[in-house]
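Peer 1: Can you keep this structure in mind? I'll have questions shortly.
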Amino acid sequence: LLLVIHMLIEKEVENILKRGGFDYCRYSGCFDIAAKRDFTLFLKILGNVDSLQESQAKNLKILSRDFNATVAIIGVHTRRESLKNNIVYARFDIPTFTPTTLENIVVNDMMPLLYRFRGGMFAEIDPDKLRMKRKKAGLTQQELADRVEITKKNVYEHERERKKALYETVKKIEAIIGDVTDTLNLNAGFSDIFNAPREGFEKVVYNDFRRIGFITDSVSQTPFNIVAKDQKMIIVSKADENKKRVEKDVPHI
């Protein structure tokens, strides 16, 4: 049954990508579909999104950073509830949402506004909108804070940088000064995620790339196990412990 559900979701996602004008290929590992249009997508498809493994998430984060790609989990439910459309959830900080939400993003150009995380529902406040509309309403930071029942520091911090806020708080702010939300940014960056092979031929190849000036990552559950970057190029390779050579065995994306 789980395999059937996975195949149905995968087929639905493929149809969405076709309608969105993407070229794509399948793979079974930390991602199930790699797709390319004006940006790159790595998608992991799961019926139950709670079944995502931490190792899969780590590899997706490395791919997101090294390929400047959007990574996402596409699924329909957790162990406790069904996922709602047009809401972004998170598993190990990876954006997670339904096929319908994916369709709205890549076909209908409708980015989600709501983010579900531990502790409730959140929305992202645009600092420029908040500052401009607060001033237009003739309110100081303290006056707005008092009316919303938050601290002046909260208002100050949200006017200084893009941050998420509890949706209930956002609704109170918008009831006073109007729309202050912005669409969610699905590219988190993951700049602090790194991985290196511990031993074997893969470590030899990894270190060789580093010695000649490449920024290098080791990944697994992918068609390649080394990603090497410099300012001009990205090299992906399969360092094979048994064959003692580097193979090019990567789907075109």
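Letters A, B, ... go to the chains of the structure tokens in the order shown; residues in each chain start at 1; ligands are counted from 1 in the same order.
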Which residues of region 120-139 of chain A sit at most 6 Å from region 164-171 of chain A, using only C-alpha atoms? Give each one's shortest atom pair and distance in Å (one decimal place), in chain and ascending residue order, as a tab-separated table.

Peer 2:
```
residue	atom	partner	partner_atom	distance
A:Met121	CA	A:Tyr167	CA	5.5
A:Phe122	CA	A:Leu166	CA	4.4
A:Ala123	CA	A:Lys164	CA	5.4
A:Glu124	CA	A:Lys164	CA	4.2
```

Peer 1: Could you give me, as a VMD selection string, the residues within 8 Å of Leu41 (chain A), counting only C-alpha atoms and dropping anything in the same chain fewer than 4 positions from it?

Peer 2: chain A and resid 33 to 36 69 to 72

Peer 1: So how far away is CA of Tyr24 (chain A) from CA of Arg37 (chain A), in Å?

Peer 2: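 CA of Arg37 (chain A) sits 8.9 Å away from CA of Tyr24 (chain A).
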
Peer 1: Where in region 36-245 of chain A does DSSP assign strand (DSSP E), given as a ChimeraX atom specification?

Peer 2: /A:36,40-45,70-74,87-91,94-97,114-117,120-125,163-166,181-182,215-218,226-229,234-240,245

Peer 1: Can you list, as a PyMOL selection string, every residue of region 22-151 of chain A that DSSP puts in helix (DSSP H, G or I)?

Peer 2: chain A and resi 49-51+54-66+99-106+127-136+141-148

Peer 1: So, counting only C-alpha atoms, which residue among A:Lys136, A:Lys238, A:Arg147, A:Arg80 is closest to Phe201 (chain A)?

Peer 2: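 Looking only at the distances to Phe201 (chain A), the closest residue turns out to be A:Lys238.
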
Peer 1: Counting only C-alpha atoms, figure out which residue out of A:Tyr156, A:Phe214, A:Tyr89, A:Phe194 gets nearest to Met233 (chain A).

Peer 2: A:Phe214

Peer 1: Can you list, as an MDAnalysis selection string, every protein, DNA or RNA residue that comes within 7 Å of Asn85 (chain A) when you count only C-alpha atoms, leaving out same-chain residues fewer than 4 positions away?

Peer 2: chainID A and resid 98 100:101

Peer 1: CA of Leu114 (chain A) and CA of Lys84 (chain A) are how many Å apart?

Peer 2: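 That distance, rounded to one decimal, is 10.5 Å.
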
Peer 1: Of the candidates A:Ile74, A:Leu144, A:Ala175, A:Ile235, which shows the shortest atom-to-atom distance to Glu12 (chain A), using only C-alpha atoms?

Peer 2: A:Ile74

Peer 1: Which of these, A:Phe117, A:Phe39, A:Phe31, A:Phe190, has the shortest distance to Arg65 (chain A) once you count only C-alpha atoms?

Peer 2: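 Checking each of A:Phe117, A:Phe39, A:Phe31, A:Phe190 against Arg65 (chain A), counting only C-alpha atoms, the winner is A:Phe190.
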
Peer 1: Just the residues within 7 Å of Val236 (chain A), please, counting only C-alpha atoms, with nothing from its chain fewer than 3 positions along; format it as a PyMOL selection string.

Peer 2: chain A and resi 224+226-228

Peer 1: Given the choices A:Asn225, A:Ser220, A:Asn195, A:Thr183, which gets closest to Asp109 (chain A) if the distance is worked out from only C-alpha atoms?

Peer 2: A:Thr183

Peer 1: Would you mind listing what lies within 10 Å of Asp66 (chain A) as a list in words, with only C-alpha atoms counted and same-chain residues fewer than 5 positions away left out?

Peer 2: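 Answer for this query is Leu60, Lys61, Gly189, Phe190, Ser191, Ile215, Thr216, Asp217, Val227, Ala228, Lys229 and Ile234 of chain A.
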
Peer 1: Please provide as a list of chain:residue names all residues within 8 Å of Gly213 (chain A), with the sequence filter that same-chain residues fewer than 3 positions apart are discarded (counting only C-alpha atoms).

Peer 2: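 Surrounding residues, per the criterion: A:Phe209, A:Arg210, A:Asp230.
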
Peer 1: What is the distance between CA of Gly20 (chain A) and CA of Asp38 (chain A), in Å to one decimal?

Peer 2: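 For CA of Gly20 (chain A) relative to CA of Asp38 (chain A), the distance reads 10.7 Å.
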
Peer 1: Have a look at A:Gln221, A:Asn48, A:Asn15, A:Asn59 and name the one nearest to Gly75 (chain A); count only C-alpha atoms.

Peer 2: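 Ranking A:Gln221, A:Asn48, A:Asn15, A:Asn59 by distance to Gly75 (chain A), first place goes to A:Asn48.
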
Peer 1: Extract, using only C-alpha atoms, all DNA, RNA and protein residues at most 9 Å from Thr78 (chain A), discarding same-chain residues fewer than 6 positions from it, and format them as a VMD selection string.

Peer 2: chain A and resid 47 to 51
